[in-house]
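Participant: model09.cif is reproduced below (mmCIF, C-alpha atoms).
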data_coords
#
loop_
_atom_site.label_atom_id
_atom_site.label_comp_id
_atom_site.auth_asym_id
_atom_site.auth_seq_id
_atom_site.Cartn_x
_atom_site.Cartn_y
_atom_site.Cartn_z
CA MET J 1 102.76 94.02 112.93
CA ASP J 2 99.35 93.30 111.40
CA LYS J 3 97.70 94.82 114.45
CA ILE J 4 99.50 98.12 113.92
CA ILE J 5 98.59 98.25 110.24
CA LYS J 6 94.97 97.46 111.17
CA ILE J 7 94.95 100.49 113.49
CA VAL J 8 96.13 102.69 110.64
CA GLU J 9 93.57 101.30 108.23
CA GLN J 10 90.76 101.81 110.69
CA GLN J 11 91.78 105.36 111.52
CA SER J 12 92.54 106.56 108.00
CA GLY J 13 88.97 107.50 107.18
CA GLN J 14 88.24 104.29 105.39
CA LYS J 15 84.60 103.82 106.03
CA ASN J 16 83.81 100.21 105.59
CA ILE J 17 80.96 100.36 103.13
CA GLU J 18 78.33 97.72 103.62
CA PHE J 19 78.88 95.79 100.43
CA PRO J 20 76.23 93.33 99.38
CA ASN J 21 77.68 89.89 99.11
CA PHE J 22 78.33 89.91 95.38
CA LYS J 23 80.61 87.75 93.29
CA SER J 24 81.65 87.25 89.69
CA GLY J 25 78.69 87.03 87.32
CA ASP J 26 76.38 89.15 89.44
CA THR J 27 74.96 92.35 88.05
CA ILE J 28 75.54 95.35 90.32
CA ILE J 29 75.05 99.09 90.32
CA VAL J 30 77.95 101.09 91.72
CA HIS J 31 76.92 104.54 92.95
CA LEU J 32 79.88 106.83 92.44
CA LYS J 33 80.38 110.29 93.87
CA ILE J 34 81.55 112.61 91.11
CA LYS J 35 82.95 116.03 91.98
CA GLU J 36 82.44 118.82 89.46
CA GLY J 37 83.83 122.03 90.88
CA ASN J 38 82.04 122.43 94.16
CA LYS J 39 79.10 120.30 93.19
CA GLU J 40 78.87 116.64 93.92
CA ARG J 41 76.56 114.27 92.15
CA ILE J 42 75.99 110.55 92.02
CA GLN J 43 76.76 108.58 88.90
CA LYS J 44 75.58 105.02 88.53
CA PHE J 45 77.58 102.34 86.79
CA GLN J 46 75.69 99.15 86.11
CA GLY J 47 77.28 96.01 84.78
CA ILE J 48 78.41 92.47 85.32
CA VAL J 49 81.15 91.78 87.86
CA ILE J 50 83.90 89.98 85.95
CA LYS J 51 86.37 89.65 88.80
CA ARG J 52 86.79 90.32 92.46
CA LYS J 53 90.30 90.22 93.92
CA ASN J 54 91.80 90.21 97.43
CA VAL J 55 88.42 90.02 99.13
CA GLY J 56 88.52 90.90 102.81
CA THR J 57 91.69 93.00 102.65
CA ASN J 58 92.06 96.69 101.98
CA ARG J 59 93.66 95.84 98.64
CA GLU J 60 90.35 94.51 97.38
CA THR J 61 89.35 95.49 93.84
CA PHE J 62 86.54 94.41 91.56
CA SER J 63 85.92 94.93 87.85
CA VAL J 64 82.54 95.71 86.36
CA ARG J 65 81.86 95.32 82.64
CA LYS J 66 79.01 96.69 80.60
CA ILE J 67 78.17 97.34 76.96
CA SER J 68 77.72 101.07 76.46
CA ASN J 69 76.41 102.14 73.03
CA GLY J 70 77.78 98.98 71.51
CA ILE J 71 81.22 99.39 73.05
CA GLY J 72 82.41 97.26 75.92
CA VAL J 73 83.43 99.29 78.98
CA GLU J 74 85.22 97.95 82.05
CA LYS J 75 85.85 99.79 85.27
CA ILE J 76 88.08 98.67 88.11
CA PHE J 77 87.01 99.83 91.54
CA SER J 78 88.95 99.80 94.78
CA ALA J 79 86.83 98.54 97.63
CA ILE J 80 88.24 101.12 100.04
CA SER J 81 87.61 103.99 97.65
CA GLN J 82 85.78 106.83 99.30
CA SER J 83 84.12 107.80 96.04
CA ILE J 84 81.87 104.75 96.18
CA GLU J 85 78.60 105.77 97.77
CA LYS J 86 76.98 102.36 97.77
CA ILE J 87 76.68 99.16 95.78
CA GLU J 88 73.41 97.48 94.83
CA LYS J 89 73.12 93.92 93.69
CA ILE J 90 70.28 93.52 91.23
CA ARG J 91 70.83 90.06 89.75
CA ASN J 92 72.55 86.83 90.70
CA GLY J 93 74.60 85.36 87.89
CA SER J 94 75.10 81.67 87.26
CA VAL J 95 78.73 81.22 86.27
CA ARG J 96 81.26 78.42 86.64
CA ARG J 97 84.46 80.44 86.94
CA SER J 98 85.65 83.38 88.98
CA ARG J 99 87.24 85.46 86.20
CA LEU J 100 84.80 86.11 83.36
CA TYR J 101 87.34 87.24 80.78
CA TYR J 102 85.48 85.22 78.15
CA LEU J 103 82.85 87.97 78.03
CA ARG J 104 85.35 90.31 76.41
CA GLY J 105 84.83 90.77 72.71
CA LYS J 106 81.34 89.29 72.84
CA TYR J 107 78.13 91.12 72.16
CA GLY J 108 74.45 90.42 72.48
CA LYS J 109 73.25 87.23 74.06
CA SER J 110 76.66 85.57 74.12
CA ALA J 111 77.92 88.40 76.33
CA SER J 112 75.21 87.81 78.91
CA VAL J 113 75.23 85.70 82.04
CA LYS J 114 72.34 83.44 82.94
CA GLU J 115 70.45 84.31 86.06
CA LYS J 116 70.86 82.06 89.03
CA ARG J 117 67.59 81.07 90.61
CA ILE J 118 67.94 80.89 94.33
CA LEU J 119 65.38 78.50 95.74
CA THR J 120 63.76 79.62 98.91
CA SER J 121 61.91 77.02 100.88
CA LYS J 122 58.28 77.81 101.51
CA SER J 123 57.33 77.44 105.07
CA MET F 1 118.57 118.64 111.31
CA ILE F 2 115.94 117.37 113.63
CA GLY F 3 114.48 113.93 113.54
CA ILE F 4 113.60 110.77 115.34
CA ILE F 5 114.49 107.08 115.27
CA GLY F 6 111.83 104.62 114.18
CA LYS F 7 111.08 101.15 113.01
CA LYS F 8 109.45 100.05 109.79
CA VAL F 9 106.23 98.12 110.31
CA GLY F 10 104.90 97.46 106.84
CA MET F 11 102.93 98.88 103.98
CA THR F 12 99.27 99.49 103.28
CA GLN F 13 97.16 101.86 101.24
CA ILE F 14 95.01 104.81 102.18
CA SER F 15 92.09 106.21 100.22
CA ASP F 16 91.44 109.96 100.16
CA GLU F 17 88.13 111.73 99.69
CA ASN F 18 88.68 112.01 95.93
CA GLY F 19 88.78 108.25 95.71
CA LYS F 20 92.52 108.11 95.10
CA ASN F 21 94.53 105.39 96.80
CA THR F 22 98.08 106.07 97.99
CA ALA F 23 100.63 103.42 98.89
CA CYS F 24 101.87 104.14 102.40
CA THR F 25 104.47 102.85 104.80
CA VAL F 26 103.56 102.48 108.44
CA VAL F 27 106.39 103.36 110.82
CA ILE F 28 106.63 103.35 114.59
CA GLY F 29 108.62 106.42 115.52
CA GLY F 30 109.96 107.05 118.98
CA PRO F 31 109.48 107.98 121.69
CA CYS F 32 113.21 108.66 121.77
CA HIS F 33 115.16 109.63 124.86
CA ILE F 34 118.04 112.05 124.80
CA ALA F 35 121.14 110.15 125.84
CA GLN F 36 123.65 112.96 125.55
CA ILE F 37 123.97 116.54 124.39
CA LYS F 38 127.38 117.11 122.85
CA ASN F 39 128.88 120.57 122.90
CA LYS F 40 131.80 122.37 121.38
CA GLU F 41 133.91 122.70 124.52
CA ILE F 42 134.09 119.03 125.42
CA ASP F 43 133.28 117.12 122.22
CA GLY F 44 134.39 119.58 119.56
CA TYR F 45 131.00 119.74 117.87
CA GLU F 46 127.37 120.20 118.75
CA ALA F 47 124.90 117.37 118.48
CA VAL F 48 122.06 115.67 120.29
CA GLN F 49 122.24 111.93 120.76
CA LEU F 50 118.87 110.21 120.70
CA SER F 51 118.24 106.65 121.88
CA TYR F 52 115.46 104.29 120.94
CA GLU F 53 113.99 100.99 122.10
CA ASP F 54 114.70 99.42 125.47
CA LYS F 55 117.06 96.53 125.93
CA LYS F 56 117.86 94.48 128.99
CA GLU F 57 120.55 95.66 131.33
CA LYS F 58 122.25 92.24 131.28
CA ASN F 59 122.69 92.62 127.52
CA THR F 60 124.37 96.00 127.94
CA ASN F 61 128.07 96.24 128.53
CA LYS F 62 129.46 98.26 131.41
CA PRO F 63 130.63 101.33 129.46
CA GLU F 64 127.22 101.62 127.83
CA GLN F 65 125.45 101.16 131.15
CA GLY F 66 127.38 104.10 132.48
CA HIS F 67 126.49 106.17 129.42
CA PHE F 68 122.78 105.59 129.93
CA LYS F 69 123.04 106.02 133.70
CA LYS F 70 124.44 109.50 133.16
CA ALA F 71 121.24 110.48 131.34
CA LYS F 72 119.12 108.58 133.90
CA ILE F 73 117.48 106.40 131.26
CA THR F 74 117.22 102.64 130.78
CA PRO F 75 119.61 101.01 128.28
CA LYS F 76 118.57 101.42 124.64
CA ARG F 77 119.34 99.52 121.47
CA LYS F 78 119.87 102.31 119.00
CA LEU F 79 121.81 105.57 119.34
CA VAL F 80 121.80 108.24 116.64
CA GLU F 81 123.30 111.71 116.67
CA PHE F 82 121.56 114.71 115.14
CA LYS F 83 123.53 117.87 114.43
CA ASN F 84 121.94 121.31 114.86
CA PHE F 85 119.10 119.67 116.75
CA LEU F 86 118.99 122.34 119.46
CA GLU F 87 118.73 125.24 117.04
CA GLU F 88 115.88 123.76 115.03
CA TYR F 89 113.91 122.18 117.84
CA GLU F 90 110.91 124.34 118.68
CA GLY F 91 109.88 122.86 122.01
CA GLU F 92 111.07 123.96 125.42
CA ASN F 93 114.67 123.48 126.51
CA ILE F 94 115.74 119.89 126.40
CA LYS F 95 118.21 118.08 128.59
CA PRO F 96 119.54 114.50 128.74
CA GLY F 97 116.87 112.05 129.79
CA ASP F 98 114.03 113.94 128.14
CA SER F 99 111.62 112.10 125.91
CA ILE F 100 110.93 113.24 122.37
CA SER F 101 107.96 111.86 120.53
CA LEU F 102 106.64 112.11 117.00
CA GLN F 103 104.25 114.99 117.41
CA ASP F 104 107.02 117.15 118.90
CA ILE F 105 108.77 117.15 115.54
CA PHE F 106 106.40 116.24 112.71
CA THR F 107 102.95 117.38 111.71
CA GLU F 108 100.68 115.94 109.09
CA GLY F 109 101.51 117.26 105.63
CA ASP F 110 105.25 117.66 106.27
CA TYR F 111 107.77 116.40 103.74
CA ILE F 112 110.50 114.38 105.42
CA ASP F 113 113.56 112.33 104.50
CA VAL F 114 114.02 108.76 105.63
CA THR F 115 117.37 106.98 105.99
CA GLY F 116 117.72 103.25 106.40
CA VAL F 117 119.69 100.23 105.30
CA SER F 118 118.27 98.70 102.13
CA LYS F 119 117.49 95.03 101.74
CA GLY F 120 120.53 92.92 100.82
CA LYS F 121 120.29 91.28 97.40
CA GLY F 122 123.52 89.27 97.43
CA PHE F 123 125.82 89.00 94.43
CA GLN F 124 123.98 90.45 91.45
CA GLY F 125 124.80 91.03 87.82
CA VAL F 126 125.11 94.39 86.12
CA VAL F 127 121.53 94.41 84.81
CA LYS F 128 120.03 94.41 88.29
CA ARG F 129 122.89 96.22 90.00
CA HIS F 130 123.51 99.12 87.63
CA GLY F 131 120.52 99.05 85.30
CA PHE F 132 122.48 97.88 82.24
CA SER F 133 120.17 96.82 79.47
CA GLY F 134 121.91 93.55 78.69
CA VAL F 135 123.00 92.55 75.23
CA GLY F 136 119.67 93.16 73.55
CA ASP F 137 118.84 90.25 71.31
CA ARG F 138 117.98 86.76 72.40
CA THR F 139 118.01 85.50 68.85
CA HIS F 140 120.07 86.33 65.73
CA GLY F 141 122.94 84.12 66.78
CA GLN F 142 123.27 85.50 70.27
CA HIS F 143 125.09 82.99 72.47
CA ASN F 144 124.41 82.48 76.17
CA ARG F 145 125.39 85.96 77.40
CA GLN F 146 122.17 87.93 77.34
CA ARG F 147 122.75 89.79 80.60
CA SER F 148 126.50 90.32 80.30
CA PRO F 149 128.09 93.79 80.68
CA GLY F 150 129.77 93.78 77.26
CA SER F 151 133.16 95.42 76.82
CA ILE F 152 134.93 96.80 79.88
CA GLY F 153 137.69 98.61 78.02
CA GLY F 154 140.14 98.65 75.12
CA ALA F 155 142.62 95.83 74.63
CA SER F 156 145.64 97.58 73.08
CA TYR F 157 145.02 100.94 74.67
CA PRO F 158 144.76 101.47 77.62
CA SER F 159 145.19 97.68 77.95
CA ARG F 160 143.85 97.84 81.48
CA VAL F 161 140.47 98.33 83.09
CA PHE F 162 139.79 101.79 84.44
CA LYS F 163 139.01 102.13 88.11
CA GLY F 164 135.36 102.47 88.95
CA ILE F 165 134.04 100.48 85.97
CA ARG F 166 130.63 99.21 87.01
CA MET F 167 130.59 95.46 87.38
CA ALA F 168 128.67 92.72 89.12
CA GLY F 169 128.91 92.39 92.88
CA ARG F 170 127.25 92.63 96.24
CA THR F 171 124.04 94.60 95.93
CA GLY F 172 121.77 96.13 98.55
CA GLY F 173 122.51 96.48 102.22
CA ASP F 174 123.55 100.09 101.64
CA LYS F 175 122.59 103.15 103.60
CA VAL F 176 119.89 104.77 101.50
CA THR F 177 118.03 108.05 101.98
CA VAL F 178 114.63 108.59 100.42
CA GLN F 179 113.69 112.26 100.16
CA ASN F 180 110.40 114.11 100.33
CA LEU F 181 108.02 111.54 101.74
CA ARG F 182 104.77 113.14 102.80
CA VAL F 183 103.48 112.57 106.32
CA MET F 184 99.99 111.25 105.68
CA LYS F 185 98.97 110.63 109.24
CA ILE F 186 100.22 110.67 112.81
CA ILE F 187 98.58 108.63 115.55
CA PRO F 188 100.27 109.94 118.72
CA GLU F 189 98.79 107.51 121.25
CA SER F 190 100.44 104.52 119.56
CA ASN F 191 103.47 106.41 118.09
CA ILE F 192 102.47 105.58 114.53
CA ILE F 193 103.46 107.71 111.57
CA VAL F 194 102.22 106.94 108.06
CA LEU F 195 104.38 108.03 105.12
CA SER F 196 103.49 108.10 101.46
CA GLY F 197 105.60 105.75 99.39
CA ALA F 198 108.23 103.22 100.38
CA VAL F 199 111.13 103.43 102.82
CA PRO F 200 114.40 101.45 102.62
CA GLY F 201 114.85 98.11 104.28
CA SER F 202 112.79 95.25 105.54
CA ARG F 203 110.20 95.15 108.28
CA ASN F 204 111.53 95.87 111.78
CA ASN F 205 114.39 97.79 110.20
CA TYR F 206 115.64 100.80 112.14
CA ILE F 207 115.11 103.98 110.16
CA ILE F 208 115.88 107.62 110.80
CA LEU F 209 113.13 110.14 110.05
CA LYS F 210 114.56 113.59 109.33
CA LYS F 211 112.84 116.86 108.75
#
Hey, can you dump this file as structure tokens for me?
Facilitator:
Amino acid sequence: MDKIIKIVEQQSGQKNIEFPNFKSGDTIIVHLKIKEGNKERIQKFQGIVIKRKNVGTNRETFSVRKISNGIGVEKIFSAISQSIEKIEKIRNGSVRRSRLYYLRGKYGKSASVKEKRILTSKS
Amino acid sequence: MIGIIGKKVGMTQISDENGKNTACTVVIGGPCHIAQIKNKEIDGYEAVQLSYEDKKEKNTNKPEQGHFKKAKITPKRKLVEFKNFLEEYEGENIKPGDSISLQDIFTEGDYIDVTGVSKGKGFQGVVKRHGFSGVGDRTHGQHNRQRSPGSIGGASYPSRVFKGIRMAGRTGGDKVTVQNLRVMKIIPESNIIVLSGAVPGSRNNYIILKK
């Protein structure tokens, strides 16, 4: 049964975008294709990933939160969405939980996530 | 009515180029073999009998074996009749024993109806079975009857319960038709058809796809 559904998912035009390996707390830029009439342009949405659900399936979604002009904005993206051009990871976050709902309603420094330093061994 | 017999596989979602996701049901449809063509002279009505999915000959009783032998096909599990099939079918002339597959009948973008047997829910109350809203309040002195049907009729007149009053009982397991499901995709080499939305029944349920 799963094999048959896999065939459908592969053939239904779902390009598997090469996602960087991001997780909750990381800061990412989502490049979105926006259609305006016949024109198509790219819009960037930068923010902190506050959750990532159903990873590895075609039901995968992730939420990105940012503060825009003093107002908190959250967007939920579907991982199979064809309007996502690409995703860039620009910062690793150091967090201790997978759902960062505590960021909601916070502003300034308390709404930020500490950067995770990844040690690379010098050879 | 033309159509085909199929089997529900499961559900998934498909993303279109506008970034919109649609919930879809994956169905294996056909290939069906024509077991019999009924006509007015002999049977009293016109219909085409389609058959689907092989079964072993040792599991087929003798009268059925003869029925399939007449059409020169192997024994099948499911037989369904379609009326007015011959008039609406656009392919070349068909005869018993011919195979009919998905792409003979459906194309992508068609709106079709799907009939199947819904999942059985057992004995259910009126809230689930008929969509009653229950009593309403959980507090304000309400006793332990929050999902009860309430009154079922007058006591002095008519001092009986009318026929057809909706009550609790066996729910599900009915023959259900869902109309206007869009054909999202057809994959002919593996007999897969993808429909938008849900279809009745559980996985591996036999369903009838009608145009």
Participant: Would you write out, as JSON lines, a table of all residues in chain J that have an atom no more than 9 Å from an atom of chain F, listing for each the closest atom pair and the distance in Å to one decimal, considering all atoms listed in the file and ordering rows by chain and rising residue number?
Facilitator:
{"residue": "J:Met1", "atom": "CA", "partner": "F:Val9", "partner_atom": "CA", "distance": 6.0}
{"residue": "J:Asp2", "atom": "CA", "partner": "F:Gly10", "partner_atom": "CA", "distance": 8.3}
{"residue": "J:Ile4", "atom": "CA", "partner": "F:Val9", "partner_atom": "CA", "distance": 7.6}
{"residue": "J:Ile5", "atom": "CA", "partner": "F:Val26", "partner_atom": "CA", "distance": 6.8}
{"residue": "J:Val8", "atom": "CA", "partner": "F:Val26", "partner_atom": "CA", "distance": 7.8}
{"residue": "J:Glu9", "atom": "CA", "partner": "F:Ile14", "partner_atom": "CA", "distance": 7.1}
{"residue": "J:Gln11", "atom": "CA", "partner": "F:Ile187", "partner_atom": "CA", "distance": 8.6}
{"residue": "J:Ser12", "atom": "CA", "partner": "F:Ile14", "partner_atom": "CA", "distance": 6.6}
{"residue": "J:Gly13", "atom": "CA", "partner": "F:Ser15", "partner_atom": "CA", "distance": 7.7}
{"residue": "J:Gln14", "atom": "CA", "partner": "F:Ser15", "partner_atom": "CA", "distance": 6.7}
{"residue": "J:Lys33", "atom": "CA", "partner": "F:Asn18", "partner_atom": "CA", "distance": 8.7}
{"residue": "J:Ile34", "atom": "CA", "partner": "F:Asn18", "partner_atom": "CA", "distance": 8.6}
{"residue": "J:Lys35", "atom": "CA", "partner": "F:Asn18", "partner_atom": "CA", "distance": 8.0}
{"residue": "J:Asn58", "atom": "CA", "partner": "F:Gln13", "partner_atom": "CA", "distance": 7.3}
{"residue": "J:Arg59", "atom": "CA", "partner": "F:Gln13", "partner_atom": "CA", "distance": 7.4}
{"residue": "J:Ser78", "atom": "CA", "partner": "F:Asn21", "partner_atom": "CA", "distance": 8.2}
{"residue": "J:Ile80", "atom": "CA", "partner": "F:Ser15", "partner_atom": "CA", "distance": 6.4}
{"residue": "J:Ser81", "atom": "CA", "partner": "F:Gly19", "partner_atom": "CA", "distance": 4.8}
{"residue": "J:Gln82", "atom": "CA", "partner": "F:Gly19", "partner_atom": "CA", "distance": 4.9}
{"residue": "J:Ser83", "atom": "CA", "partner": "F:Gly19", "partner_atom": "CA", "distance": 4.7}
{"residue": "J:Ile84", "atom": "CA", "partner": "F:Gly19", "partner_atom": "CA", "distance": 7.8}
Participant: Would you write out, as a ChimeraX atom specification, every residue that the PyMOL selection byres ((chain F and resi 70) around 9) captures in this file?
Facilitator: /F:35-36,65-69,71-73,96-97
Participant: How about saving the chosen residues, C-alpha atoms kept, as a compact mmCIF listing (two decimals), in the coordinates of the input?
Facilitator:
# COMPACT_ATOMS: atom_id res chain seq x y z
CA ALA F 35 121.14 110.15 125.84
CA GLN F 36 123.65 112.96 125.55
CA GLN F 65 125.45 101.16 131.15
CA GLY F 66 127.38 104.10 132.48
CA HIS F 67 126.49 106.17 129.42
CA PHE F 68 122.78 105.59 129.93
CA LYS F 69 123.04 106.02 133.70
CA ALA F 71 121.24 110.48 131.34
CA LYS F 72 119.12 108.58 133.90
CA ILE F 73 117.48 106.40 131.26
CA PRO F 96 119.54 114.50 128.74
CA GLY F 97 116.87 112.05 129.79
Participant: Hey, what comes out of the PyMOL selection byres ((chain F and resi 170-178) around 7) on this file? Could you write it as a list in words?
Facilitator: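 Matching residues under the PyMOL selection byres ((chain F and resi 170-178) around 7) are Asp113, Val114, Thr115, Gly116, Val117, Ser118, Lys119, Gly120, Lys121, Gly122, Phe123, Gln124, Arg129, Gly169, Gln179, Asn180, Val199 and Pro200 of chain F.
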Participant: With only C-alpha atoms as the basis for distance, which of F:Arg166, F:Arg147, F:His33, F:Lys7 is at the shortest distance from Thr74 in chain F?
Facilitator: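 Result for the nearest residue to Thr74 in chain F: F:His33.
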Participant: When you look at Thr27 in chain J with a cut-off of 6 Å (counting all atoms listed in the file), what residues show up, excluding the ones that are within fewer than 2 positions of it in the same chain? I need them as a ChimeraX atom specification.
Facilitator: /J:47-48,90-91
Participant: List the spatial neighbours of range 59-62 of chain F as a ChimeraX atom specification - criterion: any atom at most 9 Å away, only C-alpha atoms, same-chain residues fewer than 5 positions off excluded.
Facilitator: /F:67,75-77
Participant: Could you jot down the CA of Arg52 in chain J to CA of Lys86 in chain J separation for me, Å, one decimal place?
Facilitator: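 Separation of CA of Arg52 in chain J and CA of Lys86 in chain J: 16.4 Å.
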Participant: Name the closest residue to Thr61 in chain J among the candidates J:Lys23, J:Arg117, J:His31, J:Lys39; distances are taken between atoms, counting only C-alpha atoms.
Facilitator: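 Closest to Thr61 in chain J, using only C-alpha atoms: J:Lys23.
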Participant: List the spatial neighbours of Glu74 in chain J as a PyMOL selection string - criterion: any atom at most 12 Å away, all atoms listed in the file, same-chain residues fewer than 6 positions off excluded.
Facilitator: chain J and resi 45-51+62-68+100-101+103-105
Participant: With distances taken over all atoms listed in the file, which residue among J:Lys44, J:Lys53, J:Leu119, J:Val113 lies nearest Leu32 in chain J?
Facilitator: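 Of J:Lys44, J:Lys53, J:Leu119, J:Val113, the one nearest Leu32 in chain J, counting all atoms listed in the file, is J:Lys44.
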Participant: May I ask for the distance between CA of Val30 in chain J and CA of Glu85 in chain J, given in Å to one decimal place?
Facilitator: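 Result for CA of Val30 in chain J versus CA of Glu85 in chain J: 7.7 Å, one decimal.
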Participant: Suppose you want the space between CA of Ile5 in chain F and CA of Gly44 in chain F; what is it in Å?
Facilitator: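 So the answer is 23.9 Å.
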Participant: Using all atoms listed in the file, which of the listed residues (F:Thr139, F:Asn191, F:Ser156, F:Asn144) sits closest to Ser101 in chain F?
Facilitator: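 Between F:Thr139, F:Asn191, F:Ser156, F:Asn144, the residue approaching Ser101 in chain F most closely is F:Asn191.
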Participant: Given the file above and the PyMOL selection byres ((chain F and resi 107) around 10), which residues are selected, and can you give them as a list in words?
Facilitator: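 Those residues are Leu102, Gln103, Asp104, Ile105, Phe106, Glu108, Gly109, Asp110, Tyr111, Val183, Met184, Lys185, Ile186 and Ile193 of chain F.
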